[in-house]
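A short write-up of the structure that comes next.
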Amino acid sequence: MDAFFTTIAESVQKNLLAGDAYLTVLGGLWVTVLISALGLGFGTICGALLCSLRMSAIPVLSGVSRLMIAVLRGSPVLLLLMLLYYVVFADNRIDPVIIAVIAYAFNSGAHIAELMRSALEAVDQRQLEAARMLGFSRTKAFLAITLPQAGRIAKPMYQGVIVNTIQWTSVVGYVTITDLTRTVNNIGNRTGDPFFSLFFGMLIYLGLSYLVSVLFSIGEKGSETP
Amino acid sequence: MIVVRGLAKGFGRLEVLKQINTDIRKGECIAVIGPSGSGKSVLLRSLAMLEKPDSGSVFINGVDITGKGVDLNRIREKMGMVYQGFHLFAHLNVLDNITLAPRWIKKLKRSEAEDKAMEILSMVGLVDKARNYPHQLSGGQQQRIAIARCLAMEPDIMLLDEPTSALDPVMTGEVLAIVRKLTKTGLTMLIVTHEMDFAREVADRVFFIDEGVIYEEGPPEAIFDHPQREKTRAFISRLKTFYYEIRSIAFDMVSMNAGIEHFCRKYAVAIQRIYRVQLVLEELIMEVLKQCYPGSQPDISFTVEYVEECDEIFIRLDYRGVEFNPFSRAAGDADDLGMVLVRSSSRQQEHFFKEGNNRINLKL
């Protein structure tokens, strides 16, 4: 047992403490969180926009939006990222982190657009009519009835998109960004003990997912509506 | 209060309402009856512009609400609509369901709206459910909350679209008790209903809708006891009889018997007597099927009628084809147990044959 702890202590010393490696890890974590948060933030705006186009009564708009959603959802985000980095922004060297934010905003936006649409369509239209009969305008009925109900339906799906997006940011190393995955990989290469550093990286991603689910369960208790 | 002129509404090629004209005075309670699919609901929905009429006008307090530039939200504030399926707001508790519109539309303060809501809740007898969610309530309770939700907006007009069709008899009673209270408050009400006894009790006027028009209208006594026109008569008499047709050897006897039982229960006929009606019909039909339609498609129909005044059940059985009198054989023929049962269960049997049609009249 002692030997086991000694090994762990050695690994921690070698991988995390020596040369202040933990600061590098924190830096990588910051980049991962930054790309995820900004990507999802803009992705949500993007998703709302795509969703409203998708549900528009004008066939051209809904058609274009439908195509965009299909392409973005049906292709790997890594290819979109590389396309943006090596082709679209090949000539003007802007910060690759910004490029990554754009890529993840588009990708998560497409998923969010679809989850918004399915949530909105799941709301009982007859309750909406009941609200209109009480004197609610279209907009007020949307705000008072549709939005809260659709929000409830969308919540678990939205949580899924967030966790997925955080994990998919692990590929940004392909476009020279030093994120959490890249950092722990580098440390493993340097120390020749990849198991410890990679496993440690996994634990941090797990912690992020757990944090998200904790955030989502705030206010969950007490409200027992379907 | 409500004036309807030349209202027409169709869906695709189907003309549901052709020409509706009527004047409804303030405080009147109108029961709207008619066969299913005759457009009763469409008429009600048109009065609130939930269905946009193809032509014609609806005036509410002198304003033509089919016209352009009418603020329908304003008009609807003063109209309550109660649905068959309640349609309460699923994400809100009872109190919030009732106070939502007063707070959003009338801009009442939460405390004011809630005080008012509690008053209405005590009127519908559900004060203790204020903090419950709709899915925790029975259908009857949900419908009473739906009515309370309308009342919170202090409407002038209430439209009730089959408010008890989705409810069992006990819950129907709960809801009708509330509706009965409302009729005494001077609200103008239209109720689409299949509860004919209730319609007779509370309605000032009854509209019978058929063929896309108000086919016949009048005070309940006139419509229910002395209908003038053919289709009204047929509809009203159908209400008092049970009618069934048999067009196949493999007819659905379970549903037939369920129908007979349901009909008889409405008149509180004792269960033993219901069984006897079912038995007599089963035996007769089997006998007729065997004797008259070997290998051919049957054409049998019957009606069951209960006459309250003399507490008698009348059965009339018609079948087309060759003349056949199941009672013609000698009484006491032991081979013919079925007919013995029929004979011993009924008090009077008659058989006629006229122009290819056999008719049997039985009295139980």
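We label chains A, B, ... in the order they appear in the structure tokens, count residues from 1 in each chain, and number ligands from 1 in the order shown.
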For this session: With a cut-off of 12 Å and counting only C-alpha atoms, select all residues of chain A in contact with chain B and give the selection as a VMD selection string.
Result: chain A and resid 123 to 141 143 to 153 223 to 226
Write the residues you've just listed into a file as an mmCIF file, in the first residue's frame, and include N, CA and C atoms for each of them.
data_model
loop_
_atom_site.group_PDB
_atom_site.id
_atom_site.type_symbol
_atom_site.label_atom_id
_atom_site.label_comp_id
_atom_site.auth_asym_id
_atom_site.auth_seq_id
_atom_site.Cartn_x
_atom_site.Cartn_y
_atom_site.Cartn_z
ATOM 1 N N VAL A 123 -44.838 21.740 -27.450
ATOM 2 C CA VAL A 123 -45.761 22.474 -26.563
ATOM 3 C C VAL A 123 -47.187 22.335 -27.097
ATOM 4 N N ASP A 124 -48.100 22.073 -26.175
ATOM 5 C CA ASP A 124 -49.501 21.844 -26.518
ATOM 6 C C ASP A 124 -50.130 23.117 -27.107
ATOM 7 N N GLN A 125 -50.472 23.046 -28.393
ATOM 8 C CA GLN A 125 -51.028 24.221 -29.072
ATOM 9 C C GLN A 125 -52.381 24.627 -28.491
ATOM 10 N N ARG A 126 -53.070 23.675 -27.883
ATOM 11 C CA ARG A 126 -54.401 23.985 -27.366
ATOM 12 C C ARG A 126 -54.317 24.873 -26.134
ATOM 13 N N GLN A 127 -53.211 24.721 -25.377
ATOM 14 C CA GLN A 127 -53.016 25.625 -24.241
ATOM 15 C C GLN A 127 -52.757 27.040 -24.744
ATOM 16 N N LEU A 128 -52.076 27.100 -25.891
ATOM 17 C CA LEU A 128 -51.806 28.403 -26.503
ATOM 18 C C LEU A 128 -53.117 29.066 -26.915
ATOM 19 N N GLU A 129 -54.002 28.253 -27.486
ATOM 20 C CA GLU A 129 -55.300 28.797 -27.905
ATOM 21 C C GLU A 129 -56.092 29.255 -26.680
ATOM 22 N N ALA A 130 -56.011 28.467 -25.598
ATOM 23 C CA ALA A 130 -56.715 28.854 -24.376
ATOM 24 C C ALA A 130 -56.213 30.221 -23.904
ATOM 25 N N ALA A 131 -54.898 30.445 -24.024
ATOM 26 C CA ALA A 131 -54.337 31.742 -23.624
ATOM 27 C C ALA A 131 -54.855 32.854 -24.540
ATOM 28 N N ARG A 132 -54.899 32.576 -25.841
ATOM 29 C CA ARG A 132 -55.408 33.596 -26.774
ATOM 30 C C ARG A 132 -56.852 33.958 -26.436
ATOM 31 N N MET A 133 -57.628 32.941 -26.007
ATOM 32 C CA MET A 133 -59.026 33.210 -25.658
ATOM 33 C C MET A 133 -59.148 34.039 -24.382
ATOM 34 N N LEU A 134 -58.094 34.058 -23.568
ATOM 35 C CA LEU A 134 -58.133 34.888 -22.363
ATOM 36 C C LEU A 134 -57.701 36.317 -22.674
ATOM 37 N N GLY A 135 -57.339 36.558 -23.938
ATOM 38 C CA GLY A 135 -56.982 37.918 -24.336
ATOM 39 C C GLY A 135 -55.495 38.121 -24.571
ATOM 40 N N PHE A 136 -54.702 37.054 -24.495
ATOM 41 C CA PHE A 136 -53.268 37.176 -24.750
ATOM 42 C C PHE A 136 -53.011 37.427 -26.223
ATOM 43 N N SER A 137 -52.093 38.351 -26.511
ATOM 44 C CA SER A 137 -51.662 38.530 -27.895
ATOM 45 C C SER A 137 -50.748 37.362 -28.242
ATOM 46 N N ARG A 138 -50.414 37.249 -29.524
ATOM 47 C CA ARG A 138 -49.540 36.168 -29.961
ATOM 48 C C ARG A 138 -48.212 36.189 -29.193
ATOM 49 N N THR A 139 -47.626 37.385 -29.087
ATOM 50 C CA THR A 139 -46.327 37.520 -28.421
ATOM 51 C C THR A 139 -46.421 37.188 -26.943
ATOM 52 N N LYS A 140 -47.433 37.749 -26.284
ATOM 53 C CA LYS A 140 -47.575 37.495 -24.847
ATOM 54 C C LYS A 140 -47.818 36.018 -24.582
ATOM 55 N N ALA A 141 -48.636 35.376 -25.424
ATOM 56 C CA ALA A 141 -48.904 33.951 -25.233
ATOM 57 C C ALA A 141 -47.619 33.157 -25.400
ATOM 58 N N LEU A 143 -44.585 34.233 -24.758
ATOM 59 C CA LEU A 143 -43.729 34.467 -23.589
ATOM 60 C C LEU A 143 -44.266 33.757 -22.347
ATOM 61 N N ALA A 144 -45.588 33.755 -22.194
ATOM 62 C CA ALA A 144 -46.158 33.236 -20.947
ATOM 63 C C ALA A 144 -46.378 31.728 -20.983
ATOM 64 N N ILE A 145 -46.646 31.180 -22.144
ATOM 65 C CA ILE A 145 -47.002 29.751 -22.215
ATOM 66 C C ILE A 145 -45.930 28.940 -22.939
ATOM 67 N N THR A 146 -45.650 29.318 -24.188
ATOM 68 C CA THR A 146 -44.775 28.480 -25.006
ATOM 69 C C THR A 146 -43.353 28.432 -24.454
ATOM 70 N N LEU A 147 -42.788 29.617 -24.170
ATOM 71 C CA LEU A 147 -41.382 29.670 -23.776
ATOM 72 C C LEU A 147 -41.091 28.879 -22.502
ATOM 73 N N PRO A 148 -41.851 29.109 -21.404
ATOM 74 C CA PRO A 148 -41.532 28.336 -20.206
ATOM 75 C C PRO A 148 -41.698 26.833 -20.394
ATOM 76 N N GLN A 149 -42.708 26.448 -21.156
ATOM 77 C CA GLN A 149 -42.914 24.998 -21.342
ATOM 78 C C GLN A 149 -41.839 24.399 -22.240
ATOM 79 N N ALA A 150 -41.505 25.127 -23.326
ATOM 80 C CA ALA A 150 -40.472 24.632 -24.227
ATOM 81 C C ALA A 150 -39.135 24.582 -23.492
ATOM 82 N N GLY A 151 -38.875 25.560 -22.630
ATOM 83 C CA GLY A 151 -37.638 25.588 -21.862
ATOM 84 C C GLY A 151 -37.477 24.342 -21.017
ATOM 85 N N ARG A 152 -38.567 23.974 -20.376
ATOM 86 C CA ARG A 152 -38.551 22.778 -19.546
ATOM 87 C C ARG A 152 -38.239 21.523 -20.368
ATOM 88 N N ILE A 153 -38.842 21.473 -21.568
ATOM 89 C CA ILE A 153 -38.628 20.293 -22.413
ATOM 90 C C ILE A 153 -37.186 20.278 -22.917
ATOM 91 N N SER A 223 -39.968 22.123 -7.824
ATOM 92 C CA SER A 223 -40.916 22.229 -8.934
ATOM 93 C C SER A 223 -41.162 20.828 -9.458
ATOM 94 N N GLU A 224 -42.394 20.417 -9.386
ATOM 95 C CA GLU A 224 -42.691 19.030 -9.749
ATOM 96 C C GLU A 224 -43.631 18.953 -10.942
ATOM 97 N N THR A 225 -43.606 19.986 -11.778
ATOM 98 C CA THR A 225 -44.474 19.958 -12.956
ATOM 99 C C THR A 225 -43.891 19.013 -13.993
ATOM 100 N N PRO A 226 -44.737 18.501 -14.877
ATOM 101 C CA PRO A 226 -44.250 17.553 -15.883
ATOM 102 C C PRO A 226 -43.358 18.233 -16.915
#
Problem set entry | Which of region 7-154 of chain B fall in strand (DSSP E), as a PyMOL selection string | chain B and resi 7-11+14-24+29-33+55-60+63-64+79-82
Problem set entry | Shell of 6 Å around region 26-37 of chain A, only C-alpha atoms, local chain residues under 6 positions omitted, as a PyMOL selection string | chain A and resi 101+166+178-180+183
For this session: Name the residues in contact with Ile223 (chain B) at a cut-off of 10 Å, using only C-alpha atoms, excluding same-chain residues fewer than 6 positions from it; report them as a PyMOL selection string.
Result: chain B and resi 200+205-208+216-217+229+232-233+236
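Near region 197-212 of chain A, within 7 Å and counting only C-alpha atoms, sit Asn15, Val163, Thr181, Val184, Asn185, Ile187, Gly188 and Phe216 of chain A, not including residues fewer than 4 positions from it in the same chain.
Atom pair CA of Thr185 (chain B) / CA of Met158 (chain B) has a distance of 11.5 Å (rounded to one decimal).
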